[in-house]
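my_file37.json follows (JSON, C-alpha atoms and all ligand atoms):
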[["chain", "number", "residue", "atom", "x", "y", "z"],
["X", 1, "MET", "CA", -2.11, -24.23, 17.18],
["X", 2, "ALA", "CA", -1.13, -27.45, 18.93],
["X", 3, "SER", "CA", -1.13, -28.25, 22.59],
["X", 4, "GLY", "CA", 2.13, -29.34, 24.18],
["X", 5, "GLY", "CA", 2.87, -29.50, 27.88],
["X", 6, "GLY", "CA", -0.10, -27.28, 28.67],
["X", 7, "LYS", "CA", 1.26, -24.42, 26.53],
["X", 8, "LEU", "CA", -0.18, -23.67, 23.10],
["X", 9, "THR", "CA", 2.32, -23.50, 20.24],
["X", 10, "ALA", "CA", 1.59, -22.46, 16.69],
["X", 11, "PHE", "CA", 2.10, -25.36, 14.26],
["X", 12, "ASP", "CA", 4.30, -23.01, 12.22],
["X", 13, "ALA", "CA", 6.28, -21.77, 15.23],
["X", 14, "ASP", "CA", 9.58, -22.60, 13.49],
["X", 15, "VAL", "CA", 8.69, -20.39, 10.49],
["X", 16, "ARG", "CA", 7.68, -17.58, 12.83],
["X", 17, "ALA", "CA", 10.96, -17.91, 14.74],
["X", 18, "ASP", "CA", 12.86, -17.81, 11.44],
["X", 19, "VAL", "CA", 11.09, -14.62, 10.34],
["X", 20, "ILE", "CA", 12.01, -12.93, 13.62],
["X", 21, "ALA", "CA", 15.61, -14.14, 13.73],
["X", 22, "SER", "CA", 16.69, -13.53, 10.14],
["X", 23, "ILE", "CA", 16.87, -9.76, 10.16],
["X", 24, "ASP", "CA", 19.59, -9.85, 7.49],
["X", 25, "ARG", "CA", 17.15, -11.19, 4.94],
["X", 26, "SER", "CA", 14.19, -9.54, 3.27],
["X", 27, "MET", "CA", 10.93, -11.21, 4.13],
["X", 28, "LEU", "CA", 7.46, -11.20, 2.69],
["X", 29, "VAL", "CA", 4.90, -12.49, 5.15],
["X", 30, "GLU", "CA", 1.53, -13.24, 3.67],
["X", 31, "ALA", "CA", -1.08, -14.61, 6.04],
["X", 32, "ALA", "CA", -4.79, -14.43, 6.79],
["X", 33, "ALA", "CA", -6.41, -11.86, 9.05],
["X", 34, "GLY", "CA", -5.61, -12.17, 12.75],
["X", 35, "THR", "CA", -2.89, -14.80, 12.35],
["X", 36, "GLY", "CA", -0.09, -12.74, 13.88],
["X", 37, "LYS", "CA", 1.46, -10.61, 11.10],
["X", 38, "THR", "CA", 1.71, -7.46, 13.21],
["X", 39, "THR", "CA", 3.06, -9.49, 16.14],
["X", 40, "LEU", "CA", 5.79, -10.87, 13.85],
["X", 41, "LEU", "CA", 6.64, -7.41, 12.54],
["X", 42, "VAL", "CA", 6.91, -6.02, 16.08],
["X", 43, "ASP", "CA", 9.07, -8.99, 17.16],
["X", 44, "ARG", "CA", 11.26, -8.56, 14.11],
["X", 45, "ILE", "CA", 11.76, -4.84, 14.81],
["X", 46, "LEU", "CA", 12.50, -5.67, 18.42],
["X", 47, "GLN", "CA", 15.05, -8.27, 17.42],
["X", 48, "ALA", "CA", 16.78, -5.78, 15.12],
["X", 49, "VAL", "CA", 16.81, -3.10, 17.83],
["X", 50, "ARG", "CA", 17.95, -5.45, 20.61],
["X", 51, "SER", "CA", 20.89, -6.67, 18.56],
["X", 52, "GLY", "CA", 22.00, -3.09, 17.95],
["X", 53, "ARG", "CA", 21.80, -3.61, 14.18],
["X", 54, "VAL", "CA", 19.05, -1.06, 13.69],
["X", 55, "ARG", "CA", 18.45, 2.34, 15.26],
["X", 56, "LEU", "CA", 14.71, 2.80, 15.65],
["X", 57, "SER", "CA", 15.01, 6.41, 14.46],
["X", 58, "ARG", "CA", 16.38, 5.04, 11.18],
["X", 59, "ALA", "CA", 13.80, 2.30, 10.74],
["X", 60, "VAL", "CA", 10.76, 2.64, 8.50],
["X", 61, "ALA", "CA", 7.49, 0.82, 9.14],
["X", 62, "ILE", "CA", 4.81, 1.65, 6.63],
["X", 63, "THR", "CA", 1.11, 0.87, 6.76],
["X", 64, "PHE", "CA", -1.85, 1.77, 4.57],
["X", 65, "THR", "CA", -4.17, 3.21, 7.18],
["X", 66, "GLU", "CA", -3.71, 5.71, 10.00],
["X", 67, "LYS", "CA", -5.39, 3.19, 12.31],
["X", 68, "ALA", "CA", -2.83, 0.48, 11.50],
["X", 69, "ALA", "CA", 0.05, 2.94, 11.96],
["X", 70, "GLY", "CA", -1.30, 3.97, 15.38],
["X", 71, "GLU", "CA", -1.72, 0.34, 16.38],
["X", 72, "LEU", "CA", 1.77, -0.59, 15.24],
["X", 73, "GLU", "CA", 3.39, 2.29, 17.11],
["X", 74, "GLU", "CA", 1.47, 1.41, 20.25],
["X", 75, "ARG", "CA", 2.48, -2.23, 20.02],
["X", 76, "ILE", "CA", 6.15, -1.34, 19.48],
["X", 77, "ARG", "CA", 5.93, 1.02, 22.47],
["X", 78, "SER", "CA", 4.55, -1.65, 24.80],
["X", 79, "ALA", "CA", 6.91, -4.30, 23.44],
["X", 80, "LEU", "CA", 9.88, -2.04, 24.20],
["X", 81, "ALA", "CA", 8.52, -1.35, 27.69],
["X", 82, "ALA", "CA", 8.03, -5.09, 28.33],
["X", 83, "GLU", "CA", 11.52, -5.77, 27.06],
["X", 84, "LEU", "CA", 13.03, -3.47, 29.70],
["X", 85, "HIS", "CA", 11.40, -5.59, 32.40],
["X", 86, "ARG", "CA", 13.15, -8.74, 31.25],
["X", 87, "ASP", "CA", 15.94, -9.87, 33.52],
["X", 88, "ASP", "CA", 17.74, -11.97, 30.91],
["X", 89, "LEU", "CA", 18.84, -9.08, 28.68],
["X", 90, "THR", "CA", 22.51, -8.36, 28.15],
["X", 91, "ASP", "CA", 23.73, -4.89, 29.08],
["X", 92, "ASP", "CA", 24.17, -4.02, 25.42],
["X", 93, "ALA", "CA", 20.67, -5.18, 24.50],
["X", 94, "ARG", "CA", 19.20, -3.19, 27.40],
["X", 95, "ARG", "CA", 21.06, -0.08, 26.27],
["X", 96, "HIS", "CA", 19.78, -0.50, 22.71],
["X", 97, "VAL", "CA", 16.20, -1.06, 23.85],
["X", 98, "ARG", "CA", 16.32, 1.97, 26.15],
["X", 99, "GLN", "CA", 17.69, 4.10, 23.34],
["X", 100, "ALA", "CA", 14.93, 2.88, 21.02],
["X", 101, "SER", "CA", 12.27, 3.79, 23.60],
["X", 102, "GLY", "CA", 13.58, 7.34, 23.58],
["X", 103, "GLU", "CA", 13.55, 7.44, 19.79],
["X", 104, "LEU", "CA", 10.07, 6.08, 19.22],
["X", 105, "ASP", "CA", 8.57, 9.50, 18.50],
["X", 106, "ARG", "CA", 11.13, 10.05, 15.75],
["X", 107, "ALA", "CA", 10.64, 6.60, 14.18],
["X", 108, "HIS", "CA", 9.00, 6.46, 10.78],
["X", 109, "ILE", "CA", 5.97, 4.39, 11.72],
["X", 110, "CYS", "CA", 3.32, 5.85, 9.49],
["X", 111, "THR", "CA", 1.14, 5.48, 6.44],
["X", 112, "ILE", "CA", 2.63, 5.41, 2.97],
["X", 113, "HIS", "CA", 1.24, 8.90, 2.23],
["X", 114, "ALA", "CA", 2.59, 10.33, 5.49],
["X", 115, "PHE", "CA", 6.00, 8.81, 4.72],
["X", 116, "CYS", "CA", 6.03, 10.24, 1.18],
["X", 117, "ALA", "CA", 4.98, 13.66, 2.51],
["X", 118, "ARG", "CA", 7.80, 13.52, 5.05],
["X", 119, "VAL", "CA", 10.40, 12.72, 2.39],
["X", 120, "LEU", "CA", 9.06, 15.46, 0.08],
["X", 121, "ARG", "CA", 9.08, 17.97, 2.94],
["X", 122, "GLU", "CA", 12.69, 17.10, 3.72],
["X", 123, "LYS", "CA", 13.77, 17.42, 0.07],
["X", 124, "PRO", "CA", 11.33, 19.76, -1.70],
["X", 125, "LEU", "CA", 13.93, 21.25, -4.06],
["X", 126, "GLU", "CA", 15.26, 17.89, -5.18],
["X", 127, "ALA", "CA", 11.71, 16.63, -5.71],
["X", 128, "GLY", "CA", 10.62, 19.82, -7.44],
["X", 129, "VAL", "CA", 7.63, 20.48, -5.20],
["X", 130, "ASP", "CA", 6.47, 23.60, -3.36],
["X", 131, "PRO", "CA", 7.93, 23.37, 0.20],
["X", 132, "GLN", "CA", 4.56, 24.68, 1.46],
["X", 133, "PHE", "CA", 2.61, 21.83, -0.12],
["X", 134, "ALA", "CA", -0.18, 20.22, 1.86],
["X", 135, "VAL", "CA", -1.59, 16.72, 1.63],
["X", 136, "LEU", "CA", -5.26, 16.78, 0.64],
["X", 137, "ASP", "CA", -7.57, 15.13, 3.12],
["X", 138, "PRO", "CA", -10.28, 12.91, 1.60],
["X", 139, "THR", "CA", -13.03, 15.54, 2.03],
["X", 140, "ALA", "CA", -11.06, 18.37, 0.44],
["X", 141, "ASP", "CA", -9.99, 15.94, -2.29],
["X", 142, "LYS", "CA", -13.60, 15.14, -3.14],
["X", 143, "VAL", "CA", -14.65, 18.81, -3.14],
["X", 144, "LEU", "CA", -11.76, 19.70, -5.45],
["X", 145, "ARG", "CA", -12.41, 16.79, -7.82],
["X", 146, "ASP", "CA", -16.11, 17.61, -8.06],
["X", 147, "ARG", "CA", -15.33, 21.26, -8.80],
["X", 148, "VAL", "CA", -12.74, 20.43, -11.47],
["X", 149, "TRP", "CA", -15.15, 17.92, -13.03],
["X", 150, "ARG", "CA", -18.05, 20.42, -13.12],
["X", 151, "GLU", "CA", -15.85, 23.12, -14.65],
["X", 152, "TRP", "CA", -14.52, 20.69, -17.24],
["X", 153, "LEU", "CA", -17.97, 19.42, -18.11],
["X", 154, "ASP", "CA", -19.38, 22.95, -18.42],
["X", 155, "GLY", "CA", -16.52, 23.89, -20.73],
["X", 156, "GLN", "CA", -17.03, 20.74, -22.80],
["X", 157, "ALA", "CA", -20.78, 21.28, -22.97],
["X", 158, "ALA", "CA", -20.23, 24.81, -24.27],
["X", 159, "ALA", "CA", -17.76, 23.61, -26.91],
["X", 160, "ALA", "CA", -19.88, 20.52, -27.69],
["X", 161, "PRO", "CA", -17.03, 18.36, -28.99],
["X", 162, "GLU", "CA", -17.97, 15.40, -31.16],
["X", 163, "VAL", "CA", -16.72, 12.73, -28.78],
["X", 164, "LEU", "CA", -18.80, 14.01, -25.86],
["X", 165, "THR", "CA", -21.91, 14.41, -28.00],
["X", 166, "GLU", "CA", -21.34, 10.88, -29.30],
["X", 167, "ALA", "CA", -21.01, 9.47, -25.77],
["X", 168, "LEU", "CA", -24.15, 11.21, -24.50],
["X", 169, "ARG", "CA", -26.09, 10.11, -27.60],
["X", 170, "ALA", "CA", -24.95, 6.51, -26.96],
["X", 171, "GLY", "CA", -26.59, 6.72, -23.53],
["X", 172, "VAL", "CA", -23.41, 7.14, -21.46],
["X", 173, "GLY", "CA", -24.73, 9.50, -18.80],
["X", 174, "ALA", "CA", -22.74, 12.23, -17.04],
["X", 175, "ALA", "CA", -22.48, 10.07, -13.91],
["X", 176, "ARG", "CA", -20.85, 7.22, -15.86],
["X", 177, "LEU", "CA", -18.48, 9.66, -17.56],
["X", 178, "GLN", "CA", -17.49, 11.09, -14.18],
["X", 179, "GLU", "CA", -16.97, 7.63, -12.74],
["X", 180, "THR", "CA", -14.69, 6.71, -15.66],
["X", 181, "ALA", "CA", -12.79, 10.00, -15.47],
["X", 182, "PHE", "CA", -12.17, 9.57, -11.72],
["X", 183, "ALA", "CA", -11.11, 5.95, -12.18],
["X", 184, "LEU", "CA", -8.61, 7.03, -14.84],
["X", 185, "ALA", "CA", -7.41, 9.91, -12.65],
["X", 186, "GLY", "CA", -6.70, 7.33, -9.95],
["X", 187, "ALA", "CA", -4.65, 5.21, -12.36],
["X", 188, "PRO", "CA", -2.53, 7.73, -14.29],
["X", 189, "GLU", "CA", -0.31, 4.91, -15.57],
["X", 190, "LEU", "CA", -3.16, 4.03, -17.90],
["X", 191, "LEU", "CA", -2.95, 7.42, -19.55],
["X", 192, "GLU", "CA", -0.39, 7.97, -22.27],
["X", 193, "ASP", "CA", 2.15, 10.76, -21.84],
["X", 194, "GLU", "CA", 0.65, 13.16, -24.30],
["X", 195, "GLY", "CA", -2.91, 12.57, -23.17],
["X", 196, "PHE", "CA", -5.43, 9.81, -23.30],
["X", 197, "ARG", "CA", -6.12, 8.43, -26.75],
["X", 198, "LEU", "CA", -8.26, 5.39, -27.36],
["X", 199, "PRO", "CA", -6.47, 3.24, -29.92],
["X", 200, "ARG", "CA", -8.68, 2.45, -32.90],
["X", 201, "PRO", "CA", -8.75, -1.19, -34.04],
["X", 202, "GLU", "CA", -6.33, -1.50, -36.92],
["X", 203, "ARG", "CA", -8.50, -3.82, -38.97],
["X", 204, "THR", "CA", -11.92, -3.01, -40.22],
["X", 205, "ARG", "CA", -14.92, -5.15, -39.42],
["X", 206, "GLU", "CA", -14.78, -6.65, -42.98],
["X", 207, "GLN", "CA", -11.13, -7.62, -42.62],
["X", 208, "LEU", "CA", -11.85, -9.25, -39.26],
["X", 209, "ALA", "CA", -14.81, -11.16, -40.73],
["X", 210, "ALA", "CA", -12.64, -12.33, -43.64],
["X", 211, "ALA", "CA", -9.99, -13.63, -41.21],
["X", 212, "LEU", "CA", -12.51, -15.72, -39.23],
["X", 213, "PRO", "CA", -12.54, -18.85, -41.48],
["X", 214, "GLU", "CA", -8.73, -18.97, -41.36],
["X", 215, "LEU", "CA", -8.83, -18.70, -37.53],
["X", 216, "GLY", "CA", -11.45, -21.45, -37.44],
["X", 217, "ARG", "CA", -9.20, -23.76, -39.49],
["X", 218, "GLU", "CA", -6.23, -23.06, -37.16],
["X", 219, "ALA", "CA", -8.36, -23.73, -34.09],
["X", 220, "HIS", "CA", -9.48, -27.00, -35.69],
["X", 221, "ASP", "CA", -5.84, -28.00, -36.39],
["X", 222, "ILE", "CA", -4.82, -27.20, -32.79],
["X", 223, "ARG", "CA", -7.64, -29.37, -31.45],
["X", 224, "GLN", "CA", -6.44, -32.32, -33.55],
["X", 301, "LIG", "N1", 2.42, -17.10, 17.71],
["X", 301, "LIG", "C1", 1.28, -16.76, 18.32],
["X", 301, "LIG", "N2", 0.68, -17.60, 19.17],
["X", 301, "LIG", "C2", -0.47, -17.27, 19.80],
["X", 301, "LIG", "N3", -1.10, -16.09, 19.63],
["X", 301, "LIG", "C3", -0.57, -15.21, 18.79],
["X", 301, "LIG", "C4", 0.65, -15.48, 18.08],
["X", 301, "LIG", "N4", 0.94, -14.39, 17.30],
["X", 301, "LIG", "C5", -0.04, -13.53, 17.50],
["X", 301, "LIG", "N5", -0.94, -13.96, 18.40],
["X", 301, "LIG", "C6", -2.15, -13.28, 18.87],
["X", 301, "LIG", "O1", -3.11, -13.28, 17.82],
["X", 301, "LIG", "C7", -3.82, -12.07, 17.80],
["X", 301, "LIG", "C8", -3.70, -11.44, 16.41],
["X", 301, "LIG", "O2", -2.36, -11.07, 16.19],
["X", 301, "LIG", "P1", -1.94, -9.90, 15.22],
["X", 301, "LIG", "O3", -2.70, -8.65, 15.54],
["X", 301, "LIG", "O4", -0.44, -9.81, 15.22],
["X", 301, "LIG", "O5", -2.45, -10.49, 13.84],
["X", 301, "LIG", "P2", -2.52, -9.79, 12.41],
["X", 301, "LIG", "O6", -2.25, -10.88, 11.42],
["X", 301, "LIG", "O7", -1.63, -8.61, 12.38],
["X", 301, "LIG", "O8", -4.05, -9.36, 12.40],
["X", 301, "LIG", "P3", -4.76, -8.38, 11.33],
["X", 301, "LIG", "O9", -4.96, -9.20, 10.10],
["X", 301, "LIG", "O10", -6.02, -8.02, 12.05],
["X", 301, "LIG", "O11", -3.83, -7.21, 11.12],
["X", 301, "LIG", "C9", -3.26, -11.22, 18.90],
["X", 301, "LIG", "O12", -4.07, -11.30, 20.03],
["X", 301, "LIG", "C10", -1.89, -11.83, 19.17],
["X", 301, "LIG", "O13", -1.49, -11.62, 20.51],
["X", 302, "MG", "MG", -2.06, -6.59, 11.79]]
Turn this file's structure into structure tokens for me.
Ligand SMILES: Nc1ncnc2c1ncn2[C@@H]1O[C@H](COP(=O)(O)OP(=O)(O)OP(=O)(O)O)[C@@H](O)[C@H]1O
Ligand SMILES: [Mg+2]
Amino acid sequence: MASGGGKLTAFDADVRADVIASIDRSMLVEAAAGTGKTTLLVDRILQAVRSGRVRLSRAVAITFTEKAAGELEERIRSALAAELHRDDLTDDARRHVRQASGELDRAHICTIHAFCARVLREKPLEAGVDPQFAVLDPTADKVLRDRVWREWLDGQAAAAPEVLTEALRAGVGAARLQETAFALAGAPELLEDEGFRLPRPERTREQLAAALPELGREAHDIRQ
């Protein structure tokens, strides 16, 4: 911030103004905590609404946490209210802002999971999901995961497959196994389509050892 004529101005005020004004362009704003990202987003939404380019009921503002979504909605609400008190608005802009105020409850200002749930609930057939589906809350999610894990482990223990026996013998405890399983469950892209299979190294230890001198020579040549 820099002082000028008694009023504080951000040193990057021109960039901020550009982000707000250029609603025709996509923008990625990356900035440290508390530097004004939410303020910019609210101003940008307001600019889009005021100009009549965007209906608030058709806008989407997505956050990661419920808290951030609540904060964003509240800030848009008060920004719209403050806007209506301005005396320099054109009639059109005032009409757009008033309309947006009435549409705020229908605006998609929510978390990414709430937004996805909303889309799936609107189009369950197209998405191939049960229209009665519910989003698991974190507590129910944990209870379900723990139950599935216990049942799986009991089944595995009864069948005593080689890989599990091998892991336990190698000192990988049940807690570590569970941790790994949950981490993989949270990153399904790591799992191959037909199930998780750890690729075996193609070369044997002997072949790798035999290749070492050659690698050493190449490394030496590169260093030259
Ligand atoms: N251009 C600006 N000049 C002066 N103060 C500003 C400016 N933009 C935002 N602020 C103020 O800075 C504070 C933080 O703003 P804001 O909440 O928008 O930041 P943020 O980057 O979203 O924060 P967080 O990382 O916590 O989400 C607020 O009090 C806001 O009023
Ligand atoms: Mg913020």
Around ligand LIG 301 (chain X), with edges along x, y and z and 3 Å added on all six sides, what centre and edge lengths do you get, in Å to one decimal, as JSON?
{"center_x": -1.8, "center_y": -12.4, "center_z": 15.3, "size_x": 14.4, "size_y": 16.4, "size_z": 16.4}
In Å, how far is it from CA of Asp88 (chain X) to atom C9 of ligand LIG 301 (chain X)?
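Answer for the CA of Asp88 (chain X) to atom C9 of ligand LIG 301 (chain X) separation: 24.2 Å.
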Which value, in Å to one decimal, gives the distance between atom C9 of ligand LIG 301 (chain X) and CA of Gln47 (chain X)?
18.6 Å
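One distance worth recording is that between CA of Asp43 (chain X) and CA of Phe11 (chain X), which is 18.0 Å.
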Given a cut-off of 12 Å, what residues near ligand MG 302 (chain X) show up using all atoms listed in the file, put as a PDB file with C-alpha atoms, in the frame of the given file?
ATOM      1  CA  VAL X  29       4.900 -12.490   5.150  1.00  0.00           C
ATOM      2  CA  GLU X  30       1.530 -13.240   3.670  1.00  0.00           C
ATOM      3  CA  ALA X  31      -1.080 -14.610   6.040  1.00  0.00           C
ATOM      4  CA  ALA X  32      -4.790 -14.430   6.790  1.00  0.00           C
ATOM      5  CA  ALA X  33      -6.410 -11.860   9.050  1.00  0.00           C
ATOM      6  CA  GLY X  34      -5.610 -12.170  12.750  1.00  0.00           C
ATOM      7  CA  THR X  35      -2.890 -14.800  12.350  1.00  0.00           C
ATOM      8  CA  GLY X  36      -0.090 -12.740  13.880  1.00  0.00           C
ATOM      9  CA  LYS X  37       1.460 -10.610  11.100  1.00  0.00           C
ATOM     10  CA  THR X  38       1.710  -7.460  13.210  1.00  0.00           C
ATOM     11  CA  THR X  39       3.060  -9.490  16.140  1.00  0.00           C
ATOM     12  CA  LEU X  40       5.790 -10.870  13.850  1.00  0.00           C
ATOM     13  CA  LEU X  41       6.640  -7.410  12.540  1.00  0.00           C
ATOM     14  CA  VAL X  42       6.910  -6.020  16.080  1.00  0.00           C
ATOM     15  CA  ILE X  62       4.810   1.650   6.630  1.00  0.00           C
ATOM     16  CA  THR X  63       1.110   0.870   6.760  1.00  0.00           C
ATOM     17  CA  PHE X  64      -1.850   1.770   4.570  1.00  0.00           C
ATOM     18  CA  THR X  65      -4.170   3.210   7.180  1.00  0.00           C
ATOM     19  CA  LYS X  67      -5.390   3.190  12.310  1.00  0.00           C
ATOM     20  CA  ALA X  68      -2.830   0.480  11.500  1.00  0.00           C
ATOM     21  CA  ALA X  69       0.050   2.940  11.960  1.00  0.00           C
ATOM     22  CA  GLY X  70      -1.300   3.970  15.380  1.00  0.00           C
ATOM     23  CA  GLU X  71      -1.720   0.340  16.380  1.00  0.00           C
ATOM     24  CA  LEU X  72       1.770  -0.590  15.240  1.00  0.00           C
ATOM     25  CA  GLU X  73       3.390   2.290  17.110  1.00  0.00           C
ATOM     26  CA  ARG X  75       2.480  -2.230  20.020  1.00  0.00           C
TER      27      ARG X  75
END
Restricting the calculation to only C-alpha atoms and all ligand atoms: of X:Ala59, X:Leu168, X:Ala127, X:Ala79, which residue gets closest to ligand LIG 301 (chain X)?
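Looking only at the distances to ligand LIG 301 (chain X), the closest residue turns out to be X:Ala79.
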Tell me, as a CSV table (one decimal) with C-alpha atoms, in the frame of the given file, which residues lie within 12 Å of Ala174 (chain X), counting all atoms listed in the file; anything in the same chain fewer than 2 positions away does not count.
chain,number,residue,atom,x,y,z
X,149,TRP,CA,-15.2,17.9,-13.0
X,150,ARG,CA,-18.0,20.4,-13.1
X,152,TRP,CA,-14.5,20.7,-17.2
X,153,LEU,CA,-18.0,19.4,-18.1
X,154,ASP,CA,-19.4,23.0,-18.4
X,156,GLN,CA,-17.0,20.7,-22.8
X,157,ALA,CA,-20.8,21.3,-23.0
X,164,LEU,CA,-18.8,14.0,-25.9
X,165,THR,CA,-21.9,14.4,-28.0
X,167,ALA,CA,-21.0,9.5,-25.8
X,168,LEU,CA,-24.2,11.2,-24.5
X,169,ARG,CA,-26.1,10.1,-27.6
X,170,ALA,CA,-25.0,6.5,-27.0
X,171,GLY,CA,-26.6,6.7,-23.5
X,172,VAL,CA,-23.4,7.1,-21.5
X,176,ARG,CA,-20.8,7.2,-15.9
X,177,LEU,CA,-18.5,9.7,-17.6
X,178,GLN,CA,-17.5,11.1,-14.2
X,179,GLU,CA,-17.0,7.6,-12.7
X,180,THR,CA,-14.7,6.7,-15.7
X,181,ALA,CA,-12.8,10.0,-15.5
